[in-house]
file final10.json (JSON, C-alpha atoms)
[["chain", "number", "residue", "atom", "x", "y", "z"],
["A", 1, "PRO", "CA", 94.20, 104.98, 114.57],
["A", 2, "ASN", "CA", 95.95, 101.78, 113.45],
["A", 3, "HIS", "CA", 98.07, 103.74, 110.98],
["A", 4, "LEU", "CA", 99.07, 106.06, 113.83],
["A", 5, "PHE", "CA", 99.85, 103.27, 116.29],
["A", 6, "THR", "CA", 101.97, 101.44, 113.70],
["A", 7, "GLN", "CA", 104.20, 104.45, 113.10],
["A", 8, "SER", "CA", 104.08, 106.32, 116.41],
["A", 9, "ALA", "CA", 102.85, 103.84, 119.09],
["A", 10, "THR", "CA", 99.87, 106.05, 119.92],
["A", 11, "SER", "CA", 96.80, 107.59, 118.32],
["A", 12, "CYS", "CA", 96.72, 110.39, 120.90],
["A", 13, "GLY", "CA", 93.43, 109.01, 122.19],
["A", 14, "MET", "CA", 91.68, 109.10, 118.80],
["A", 15, "HIS", "CA", 89.67, 106.01, 117.91],
["A", 16, "ASN", "CA", 88.05, 106.96, 114.63],
["A", 17, "ASN", "CA", 89.03, 108.66, 111.38],
["A", 18, "GLN", "CA", 89.44, 112.29, 112.39],
["A", 19, "LEU", "CA", 92.17, 114.88, 112.55],
["A", 20, "TYR", "CA", 93.88, 116.15, 115.68],
["A", 21, "ASN", "CA", 91.98, 119.43, 115.87],
["A", 22, "ASP", "CA", 88.61, 117.70, 115.43],
["A", 23, "CYS", "CA", 88.77, 116.79, 119.11],
["A", 24, "GLY", "CA", 90.44, 119.83, 120.58],
["A", 25, "GLY", "CA", 93.99, 119.48, 119.36],
["A", 26, "ASN", "CA", 95.89, 122.68, 118.61],
["A", 27, "SER", "CA", 96.89, 121.60, 115.10],
["A", 28, "THR", "CA", 95.50, 119.66, 112.16],
["A", 29, "THR", "CA", 98.30, 117.13, 112.26],
["A", 30, "PHE", "CA", 99.07, 114.79, 115.14],
["A", 31, "PRO", "CA", 102.17, 116.10, 116.96],
["A", 32, "GLN", "CA", 103.66, 112.92, 118.50],
["A", 33, "ARG", "CA", 107.08, 111.55, 117.57],
["A", 34, "THR", "CA", 107.19, 108.82, 114.95],
["A", 35, "ILE", "CA", 109.61, 106.07, 114.06],
["A", 36, "TYR", "CA", 110.96, 108.40, 111.38],
["A", 37, "ASP", "CA", 111.88, 111.02, 113.98],
["A", 38, "SER", "CA", 113.77, 108.29, 115.86],
["A", 39, "LEU", "CA", 115.52, 107.12, 112.68],
["A", 40, "ARG", "CA", 116.44, 110.70, 111.79],
["A", 41, "SER", "CA", 117.82, 111.37, 115.29],
["A", 42, "ASP", "CA", 120.11, 108.34, 115.04],
["A", 43, "ASN", "CA", 121.13, 109.00, 111.41],
["A", 44, "VAL", "CA", 119.45, 105.91, 109.95],
["A", 45, "SER", "CA", 118.34, 106.37, 106.32],
["A", 46, "PHE", "CA", 114.66, 105.96, 105.39],
["A", 47, "ALA", "CA", 112.17, 106.81, 102.66],
["A", 48, "PHE", "CA", 108.44, 106.64, 101.88],
["A", 49, "TRP", "CA", 107.63, 105.00, 98.57],
["A", 50, "LEU", "CA", 104.44, 106.21, 96.92],
["A", 51, "ASN", "CA", 102.20, 105.15, 94.05],
["A", 52, "SER", "CA", 103.16, 108.07, 91.88],
["A", 53, "THR", "CA", 105.58, 109.17, 89.21],
["A", 54, "CYS", "CA", 106.63, 112.10, 91.39],
["A", 55, "GLY", "CA", 110.21, 112.26, 92.49],
["A", 56, "LEU", "CA", 111.62, 111.16, 89.14],
["A", 57, "ASP", "CA", 112.82, 114.66, 88.28],
["A", 58, "GLY", "CA", 114.56, 115.16, 91.59],
["A", 59, "LYS", "CA", 111.68, 117.11, 93.09],
["A", 60, "PRO", "CA", 110.04, 115.52, 96.14],
["A", 61, "CYS", "CA", 106.53, 114.13, 95.98],
["A", 62, "HIS", "CA", 103.71, 116.08, 97.56],
["A", 63, "GLY", "CA", 101.68, 114.90, 100.51],
["A", 64, "GLU", "CA", 97.94, 114.92, 100.56],
["A", 65, "ASP", "CA", 96.42, 117.94, 102.30],
["A", 66, "PRO", "CA", 94.75, 116.33, 105.33],
["A", 67, "THR", "CA", 92.13, 119.10, 105.39],
["A", 68, "ASP", "CA", 91.08, 118.46, 101.78],
["A", 69, "PRO", "CA", 89.74, 114.95, 101.15],
["A", 70, "ASP", "CA", 89.45, 115.70, 97.43],
["A", 71, "SER", "CA", 93.11, 116.57, 96.94],
["A", 72, "ALA", "CA", 95.12, 114.35, 94.60],
["A", 73, "SER", "CA", 96.88, 112.07, 97.03],
["A", 74, "ALA", "CA", 100.37, 110.71, 96.80],
["A", 75, "ILE", "CA", 100.30, 109.60, 100.44],
["A", 76, "ASN", "CA", 97.14, 108.73, 102.34],
["A", 77, "THR", "CA", 95.66, 111.08, 104.92],
["A", 78, "PRO", "CA", 96.09, 108.77, 107.95],
["A", 79, "ASP", "CA", 99.83, 108.80, 107.39],
["A", 80, "VAL", "CA", 100.55, 112.38, 106.38],
["A", 81, "ALA", "CA", 98.18, 113.58, 109.13],
["A", 82, "MET", "CA", 101.09, 112.83, 111.48],
["A", 83, "ALA", "CA", 103.52, 115.72, 111.68],
["A", 84, "GLY", "CA", 106.26, 113.13, 112.08],
["A", 85, "VAL", "CA", 105.47, 111.91, 108.56],
["A", 86, "ALA", "CA", 104.50, 115.16, 106.84],
["A", 87, "ARG", "CA", 107.72, 116.95, 107.77],
["A", 88, "TYR", "CA", 109.78, 114.50, 105.71],
["A", 89, "VAL", "CA", 108.32, 115.40, 102.35],
["A", 90, "GLU", "CA", 111.81, 115.35, 100.81],
["A", 91, "ARG", "CA", 111.79, 111.60, 101.46],
["A", 92, "PHE", "CA", 108.48, 110.96, 99.64],
["A", 93, "LEU", "CA", 109.71, 109.15, 96.54],
["A", 94, "SER", "CA", 108.06, 107.25, 93.71],
["A", 95, "GLN", "CA", 107.69, 103.49, 93.54],
["A", 96, "ASP", "CA", 109.51, 103.64, 90.22],
["A", 97, "LEU", "CA", 112.56, 104.72, 92.20],
["A", 98, "PHE", "CA", 111.90, 101.98, 94.76],
["A", 99, "TYR", "CA", 112.20, 99.33, 92.07],
["A", 100, "ALA", "CA", 115.30, 100.98, 90.61],
["A", 101, "GLN", "CA", 117.04, 101.17, 93.99],
["A", 102, "ALA", "CA", 116.04, 97.61, 94.87],
["A", 103, "ALA", "CA", 117.66, 96.46, 91.62],
["A", 104, "ASN", "CA", 120.98, 98.16, 92.30],
["A", 105, "GLY", "CA", 121.04, 97.57, 96.06],
["A", 106, "THR", "CA", 120.79, 101.21, 97.14],
["A", 107, "LEU", "CA", 117.52, 101.20, 99.10],
["A", 108, "PRO", "CA", 117.71, 103.09, 102.41],
["A", 109, "ALA", "CA", 118.01, 101.16, 105.65],
["A", 110, "PHE", "CA", 114.25, 101.48, 106.25],
["A", 111, "SER", "CA", 111.60, 101.71, 103.51],
["A", 112, "TRP", "CA", 107.89, 102.33, 104.07],
["A", 113, "VAL", "CA", 105.92, 101.29, 100.97],
["A", 114, "ASN", "CA", 102.47, 102.86, 100.76],
["A", 115, "PRO", "CA", 100.14, 100.76, 98.61],
["A", 116, "PRO", "CA", 97.89, 102.61, 96.19],
["A", 117, "ILE", "CA", 94.36, 102.69, 97.58],
["A", 118, "GLN", "CA", 93.14, 100.51, 94.72],
["A", 119, "ALA", "CA", 95.58, 97.77, 95.79],
["A", 120, "CYS", "CA", 95.21, 98.01, 99.55],
["A", 121, "ASP", "CA", 93.14, 94.78, 99.95],
["A", 122, "HIS", "CA", 90.53, 96.75, 101.87],
["A", 123, "PRO", "CA", 86.98, 95.40, 101.45],
["A", 124, "CYS", "CA", 85.35, 96.58, 98.23],
["A", 125, "HIS", "CA", 88.73, 96.91, 96.50],
["A", 126, "ASP", "CA", 90.10, 94.40, 94.01],
["A", 127, "ASN", "CA", 92.28, 91.88, 95.85],
["A", 128, "ALA", "CA", 93.89, 90.88, 92.56],
["A", 129, "LYS", "CA", 95.61, 94.28, 92.50],
["A", 130, "GLY", "CA", 96.88, 93.80, 96.05],
["A", 131, "GLU", "CA", 98.26, 90.41, 95.07],
["A", 132, "ARG", "CA", 100.05, 91.96, 92.09],
["A", 133, "LEU", "CA", 101.60, 94.67, 94.26],
["A", 134, "LEU", "CA", 102.90, 92.10, 96.74],
["A", 135, "LYS", "CA", 104.32, 90.00, 93.90],
["A", 136, "ASP", "CA", 106.08, 93.02, 92.37],
["A", 137, "VAL", "CA", 107.60, 94.17, 95.67],
["A", 138, "TYR", "CA", 108.74, 90.67, 96.66],
["A", 139, "GLU", "CA", 110.31, 89.94, 93.28],
["A", 140, "ALA", "CA", 112.12, 93.29, 93.27],
["A", 141, "LEU", "CA", 113.62, 92.58, 96.68],
["A", 142, "ARG", "CA", 114.33, 88.93, 95.88],
["A", 143, "ALA", "CA", 116.37, 89.93, 92.83],
["A", 144, "SER", "CA", 118.22, 92.65, 94.74],
["A", 145, "PRO", "CA", 121.93, 92.18, 95.52],
["A", 146, "LYS", "CA", 121.00, 93.05, 99.12],
["A", 147, "TRP", "CA", 118.37, 90.27, 99.45],
["A", 148, "ASN", "CA", 120.39, 88.47, 102.13],
["A", 149, "ARG", "CA", 120.20, 91.63, 104.23],
["A", 150, "THR", "CA", 116.47, 92.24, 103.72],
["A", 151, "LEU", "CA", 113.36, 91.75, 105.83],
["A", 152, "LEU", "CA", 110.00, 92.41, 104.13],
["A", 153, "PHE", "CA", 107.14, 92.96, 106.58],
["A", 154, "VAL", "CA", 103.59, 93.09, 105.20],
["A", 155, "ALA", "CA", 100.95, 94.39, 107.62],
["A", 156, "TYR", "CA", 97.19, 94.73, 107.47],
["A", 157, "ASP", "CA", 95.66, 97.44, 109.61],
["A", 158, "ASP", "CA", 92.12, 95.98, 109.80],
["A", 159, "ALA", "CA", 90.61, 92.60, 110.57],
["A", 160, "GLY", "CA", 88.48, 92.74, 107.42],
["A", 161, "GLY", "CA", 85.17, 92.82, 109.27],
["A", 162, "PHE", "CA", 85.19, 89.08, 110.04],
["A", 163, "TYR", "CA", 84.04, 87.62, 113.34],
["A", 164, "ASP", "CA", 86.91, 86.66, 115.63],
["A", 165, "HIS", "CA", 86.22, 83.99, 118.25],
["A", 166, "VAL", "CA", 89.34, 84.88, 120.26],
["A", 167, "VAL", "CA", 88.89, 87.52, 122.97],
["A", 168, "PRO", "CA", 91.46, 90.28, 122.34],
["A", 169, "PRO", "CA", 94.23, 90.36, 124.97],
["A", 170, "HIS", "CA", 93.54, 92.83, 127.75],
["A", 171, "GLU", "CA", 95.71, 91.78, 130.69],
["A", 172, "GLY", "CA", 98.86, 93.78, 131.19],
["A", 173, "VAL", "CA", 98.38, 95.90, 128.05],
["A", 174, "PRO", "CA", 99.66, 99.38, 128.95],
["A", 175, "ALA", "CA", 98.08, 102.65, 127.96],
["A", 176, "ASP", "CA", 100.61, 104.44, 125.80],
["A", 177, "ASP", "CA", 100.58, 107.58, 128.00],
["A", 178, "ALA", "CA", 101.75, 109.79, 125.12],
["A", 179, "PRO", "CA", 101.67, 113.52, 126.01],
["A", 180, "CYS", "CA", 99.57, 114.29, 122.91],
["A", 181, "HIS", "CA", 96.40, 112.67, 124.34],
["A", 182, "ILE", "CA", 93.20, 114.64, 123.85],
["A", 183, "GLN", "CA", 90.68, 114.51, 126.67],
["A", 184, "ASP", "CA", 87.63, 115.43, 124.60],
["A", 185, "ARG", "CA", 85.46, 112.40, 123.83],
["A", 186, "CYS", "CA", 85.07, 113.41, 120.23],
["A", 187, "GLY", "CA", 81.38, 112.56, 120.03],
["A", 188, "VAL", "CA", 81.60, 109.02, 121.42],
["A", 189, "THR", "CA", 79.74, 107.80, 124.48],
["A", 190, "LEU", "CA", 82.75, 106.62, 126.47],
["A", 191, "PRO", "CA", 86.47, 107.38, 126.24],
["A", 192, "PHE", "CA", 88.80, 104.53, 125.36],
["A", 193, "ASP", "CA", 92.19, 104.10, 127.00],
["A", 194, "PHE", "CA", 93.60, 101.46, 124.59],
["A", 195, "ARG", "CA", 94.54, 99.12, 127.45],
["A", 196, "ARG", "CA", 93.42, 96.19, 125.35],
["A", 197, "LEU", "CA", 94.19, 95.03, 121.84],
["A", 198, "GLY", "CA", 91.75, 94.78, 118.96],
["A", 199, "LEU", "CA", 90.77, 91.99, 116.59],
["A", 200, "ARG", "CA", 93.54, 89.83, 115.18],
["A", 201, "THR", "CA", 95.05, 90.87, 111.86],
["A", 202, "ALA", "CA", 97.33, 88.98, 109.52],
["A", 203, "ALA", "CA", 100.94, 89.88, 108.83],
["A", 204, "MET", "CA", 103.81, 88.34, 106.90],
["A", 205, "LEU", "CA", 107.56, 88.31, 107.52],
["A", 206, "ILE", "CA", 109.34, 87.43, 104.29],
["A", 207, "SER", "CA", 113.09, 87.03, 104.44],
["A", 208, "PRO", "CA", 115.95, 84.56, 104.21],
["A", 209, "TRP", "CA", 116.31, 85.27, 107.95],
["A", 210, "VAL", "CA", 112.90, 83.73, 108.79],
["A", 211, "ALA", "CA", 112.37, 79.97, 109.06],
["A", 212, "LYS", "CA", 110.58, 78.37, 106.10],
["A", 213, "GLY", "CA", 106.83, 77.94, 106.62],
["A", 214, "ALA", "CA", 106.92, 79.18, 110.21],
["A", 215, "VAL", "CA", 103.74, 80.47, 111.87],
["A", 216, "PHE", "CA", 103.97, 82.69, 114.94],
["A", 217, "GLN", "CA", 101.24, 83.77, 117.35],
["A", 218, "GLU", "CA", 102.88, 85.24, 120.45],
["A", 219, "PRO", "CA", 106.35, 86.38, 121.48],
["A", 220, "LYS", "CA", 108.39, 84.05, 123.65],
["A", 221, "GLN", "CA", 110.99, 86.58, 124.76],
["A", 222, "GLY", "CA", 108.93, 89.41, 126.24],
["A", 223, "PRO", "CA", 109.86, 92.11, 126.93],
["A", 224, "THR", "CA", 107.15, 91.39, 129.57],
["A", 225, "ASN", "CA", 105.21, 88.24, 130.35],
["A", 226, "THR", "CA", 102.06, 89.80, 128.81],
["A", 227, "SER", "CA", 103.69, 91.19, 125.64],
["A", 228, "GLN", "CA", 102.05, 90.45, 122.30],
["A", 229, "PHE", "CA", 102.83, 90.87, 118.63],
["A", 230, "GLU", "CA", 100.70, 93.82, 117.50],
["A", 231, "LEU", "CA", 101.02, 96.88, 115.29],
["A", 232, "THR", "CA", 103.35, 98.65, 117.70],
["A", 233, "SER", "CA", 105.69, 95.71, 117.24],
["A", 234, "VAL", "CA", 106.72, 97.60, 114.10],
["A", 235, "PRO", "CA", 108.33, 100.58, 115.91],
["A", 236, "ALA", "CA", 109.55, 98.20, 118.64],
["A", 237, "THR", "CA", 111.33, 96.08, 116.02],
["A", 238, "VAL", "CA", 112.73, 99.13, 114.24],
["A", 239, "LYS", "CA", 114.18, 100.36, 117.54],
["A", 240, "SER", "CA", 115.73, 96.97, 118.21],
["A", 241, "LEU", "CA", 117.17, 96.28, 114.75],
["A", 242, "PHE", "CA", 118.69, 99.74, 114.36],
["A", 243, "ASN", "CA", 119.66, 100.17, 118.03],
["A", 244, "LEU", "CA", 117.73, 103.43, 118.30],
["A", 245, "THR", "CA", 118.05, 105.60, 121.38],
["A", 246, "SER", "CA", 114.54, 105.43, 122.82],
["A", 247, "PHE", "CA", 111.05, 104.01, 122.54],
["A", 248, "LEU", "CA", 108.18, 106.24, 121.42],
["A", 249, "THR", "CA", 105.64, 105.37, 124.15],
["A", 250, "LYS", "CA", 104.93, 102.74, 126.78],
["A", 251, "ARG", "CA", 103.13, 100.67, 124.13],
["A", 252, "ASP", "CA", 106.08, 99.96, 121.83],
["A", 253, "ALA", "CA", 108.24, 99.43, 124.93],
["A", 254, "TRP", "CA", 105.79, 96.62, 125.84],
["A", 255, "ALA", "CA", 105.20, 95.05, 122.42],
["A", 256, "GLY", "CA", 107.03, 91.94, 121.28],
["A", 257, "THR", "CA", 109.64, 92.49, 118.58],
["A", 258, "PHE", "CA", 110.04, 90.42, 115.43],
["A", 259, "GLU", "CA", 113.77, 90.24, 116.01],
["A", 260, "GLU", "CA", 113.24, 87.10, 118.11],
["A", 261, "LEU", "CA", 111.84, 85.36, 115.01],
["A", 262, "LEU", "CA", 115.01, 85.82, 112.98],
["A", 263, "LEU", "CA", 117.50, 83.04, 112.35],
["A", 264, "ASP", "CA", 121.20, 83.19, 113.17],
["A", 265, "ALA", "CA", 122.10, 82.90, 109.47],
["A", 266, "PRO", "CA", 120.17, 83.35, 106.20],
["A", 267, "ARG", "CA", 118.58, 80.33, 104.54],
["A", 268, "PRO", "CA", 119.97, 79.13, 101.19],
["A", 269, "ASP", "CA", 118.66, 80.77, 98.03],
["A", 270, "ALA", "CA", 117.11, 77.49, 96.88],
["A", 271, "ASP", "CA", 114.54, 77.83, 99.68],
["A", 272, "MET", "CA", 113.15, 81.06, 98.25],
["A", 273, "PRO", "CA", 111.60, 81.37, 94.79],
["A", 274, "MET", "CA", 112.59, 84.20, 92.50],
["A", 275, "HIS", "CA", 108.97, 84.61, 91.41],
["A", 276, "LEU", "CA", 105.59, 84.29, 93.05],
["A", 277, "PRO", "CA", 102.61, 82.88, 91.13],
["A", 278, "ASP", "CA", 100.87, 85.31, 88.80],
["A", 279, "ALA", "CA", 98.14, 87.36, 90.42],
["A", 280, "PRO", "CA", 94.62, 86.92, 89.00],
["A", 281, "PRO", "CA", 93.72, 89.47, 86.33],
["A", 282, "PRO", "CA", 92.13, 92.59, 87.87],
["A", 283, "ALA", "CA", 88.41, 93.08, 87.49],
["A", 284, "THR", "CA", 88.96, 96.64, 86.25],
["A", 285, "PRO", "CA", 92.01, 98.40, 84.71],
["A", 286, "TRP", "CA", 94.52, 100.02, 87.00],
["A", 287, "ASP", "CA", 93.98, 103.73, 87.64],
["A", 288, "PRO", "CA", 96.89, 105.88, 86.45],
["A", 289, "PRO", "CA", 99.08, 107.54, 89.12],
["A", 290, "PRO", "CA", 98.30, 111.13, 90.19],
["A", 291, "GLY", "CA", 99.05, 113.63, 87.46],
["A", 292, "ALA", "CA", 99.47, 111.04, 84.70],
["A", 293, "ALA", "CA", 97.62, 111.36, 81.42],
["A", 294, "ARG", "CA", 94.48, 109.25, 81.22]]
call {"tool": "encode", "arguments": {"input": "final10.json", "output": "structure tokens"}}
result
Amino acid sequence: PNHLFTQSATSCGMHNNQLYNDCGGNSTTFPQRTIYDSLRSDNVSFAFWLNSTCGLDGKPCHGEDPTDPDSASAINTPDVAMAGVARYVERFLSQDLFYAQAANGTLPAFSWVNPPIQACDHPCHDNAKGERLLKDVYEALRASPKWNRTLLFVAYDDAGGFYDHVVPPHEGVPADDAPCHIQDRCGVTLPFDFRRLGLRTAAMLISPWVAKGAVFQEPKQGPTNTSQFELTSVPATVKSLFNLTSFLTKRDAWAGTFEELLLDAPRPDADMPMHLPDAPPPATPWDPPPGAAR
């Protein structure tokens, strides 16, 4: 559900890892609009960058079949299980191309980088691999001729299973009211209307347009007096930065946007290192990308 909220401002009422038709939906994939539909409507360029060598020959990458958990995945099921992701298969490109385009300053206006599962920092995975991925992406962007026009946002979709002593905000949090909501309870005891937030998760804004060493907790500029920074701040910020026509749901219309955290001018290059410290060595070798020789 967090993947869905981050890219479409709703999970259509789903609150576990299932597909749309598992709870009475009329299709396997979730039908709601996504940020990519909004970008496409307003002619803003975007791409999905995958852990794969696909796309290098000019042919688009494949998406994982959401009905087959054993299929060789280029893009994870929670993402491609949204129709508003899966229909843009021609924009599924390899991370090799991401690094090449970063180097020559030709990345699209909006890039969504999907980490390989082995480097996702999820519990039981090797955090050293996640650290290496972040280092590689940052250094590619930092060396890009477009660095002074770049904002790198790093999000985590889970709280990591740790106890949180702060009660999640619940006052003034709107239900998203997306038309795709499924009424079936999907095997749970009580339905959940999402009119509260979940446990706190970490995120990073890395850019010459963000103050050095700044730490942010809550928005100061609304759009309402109960607004918070949360995962739907991603589509809210995308709408704001690219002046898109409309919000996706009531939730991203309510969420705080990261635009208020940006400076009026970029910081000097001396403030920002070209390289991050080396990541620790991984505990096990990296798996090869899908389809590569082992």
call {"tool": "atom_distance", "arguments": {"input": "final10.json", "atom1": "CA of Val137 (chain A)", "atom2": "CA of Phe98 (chain A)"}}
result
9.0 Å
call {"tool": "atom_distance", "arguments": {"input": "final10.json", "atom1": "CA of Asp177 (chain A)", "atom2": "CA of Arg33 (chain A)"}}
result
12.9 Å
call {"tool": "residues_around", "arguments": {"input": "final10.json", "residues": "Val44 (chain A)", "least_positions_apart": "3", "cutoff": "9 Å", "atoms": "all atoms listed in the file", "output": "list of chain:residue names"}}
result
A:Tyr36, A:Ser38, A:Leu39, A:Arg40, A:Ser41, A:Pro108, A:Ala109, A:Phe110, A:Phe242, A:Leu244
call {"tool": "residues_around", "arguments": {"input": "final10.json", "residues": "Gly213 (chain A)", "least_positions_apart": "5", "cutoff": "12 Å", "atoms": "all atoms listed in the file", "output": "list of chain:residue names"}}
result
A:Met204, A:Leu205, A:Ile206, A:Ser207, A:Pro208, A:Asp271, A:Met272
call {"tool": "atom_distance", "arguments": {"input": "final10.json", "atom1": "CA of Tyr99 (chain A)", "atom2": "CA of His275 (chain A)"}}
result
15.1 Å
call {"tool": "residues_around", "arguments": {"input": "final10.json", "residues": "Tyr20 (chain A)", "least_positions_apart": "3", "cutoff": "12 Å", "atoms": "all atoms listed in the file", "output": "VMD selection string"}}
result
chain A and resid 1 4 11 to 17 23 to 32 66 to 67 78 81 to 83 180 to 184 186
call {"tool": "closest_residue", "arguments": {"input": "final10.json", "among": "A:Gln95, A:Leu141, A:Pro288, A:Asp22", "to": "Pro273 (chain A)", "atoms": "all atoms listed in the file"}}
result
A:Leu141
call {"tool": "closest_residue", "arguments": {"input": "final10.json", "among": "A:Gly130, A:Pro235, A:Gly160, A:Gly105", "to": "Ala202 (chain A)", "atoms": "all atoms listed in the file"}}
result
A:Gly160
call {"tool": "closest_residue", "arguments": {"input": "final10.json", "among": "A:Trp147, A:Phe162, A:Trp286, A:Phe153", "to": "Phe258 (chain A)", "atoms": "all atoms listed in the file"}}
result
A:Phe153
call {"tool": "closest_residue", "arguments": {"input": "final10.json", "among": "A:Asp264, A:Asp176, A:Asp121, A:Asp126", "to": "Ala155 (chain A)", "atoms": "only C-alpha atoms"}}
result
A:Asp121
call {"tool": "closest_residue", "arguments": {"input": "final10.json", "among": "A:Ala178, A:Ala100, A:Leu262, A:Leu231", "to": "Asp157 (chain A)", "atoms": "all atoms listed in the file"}}
result
A:Leu231
call {"tool": "residues_around", "arguments": {"input": "final10.json", "residues": "Ala128 (chain A)", "least_positions_apart": "6", "cutoff": "9 Å", "atoms": "only C-alpha atoms", "output": "PyMOL selection string"}}
result
chain A and resi 119+121+279-283
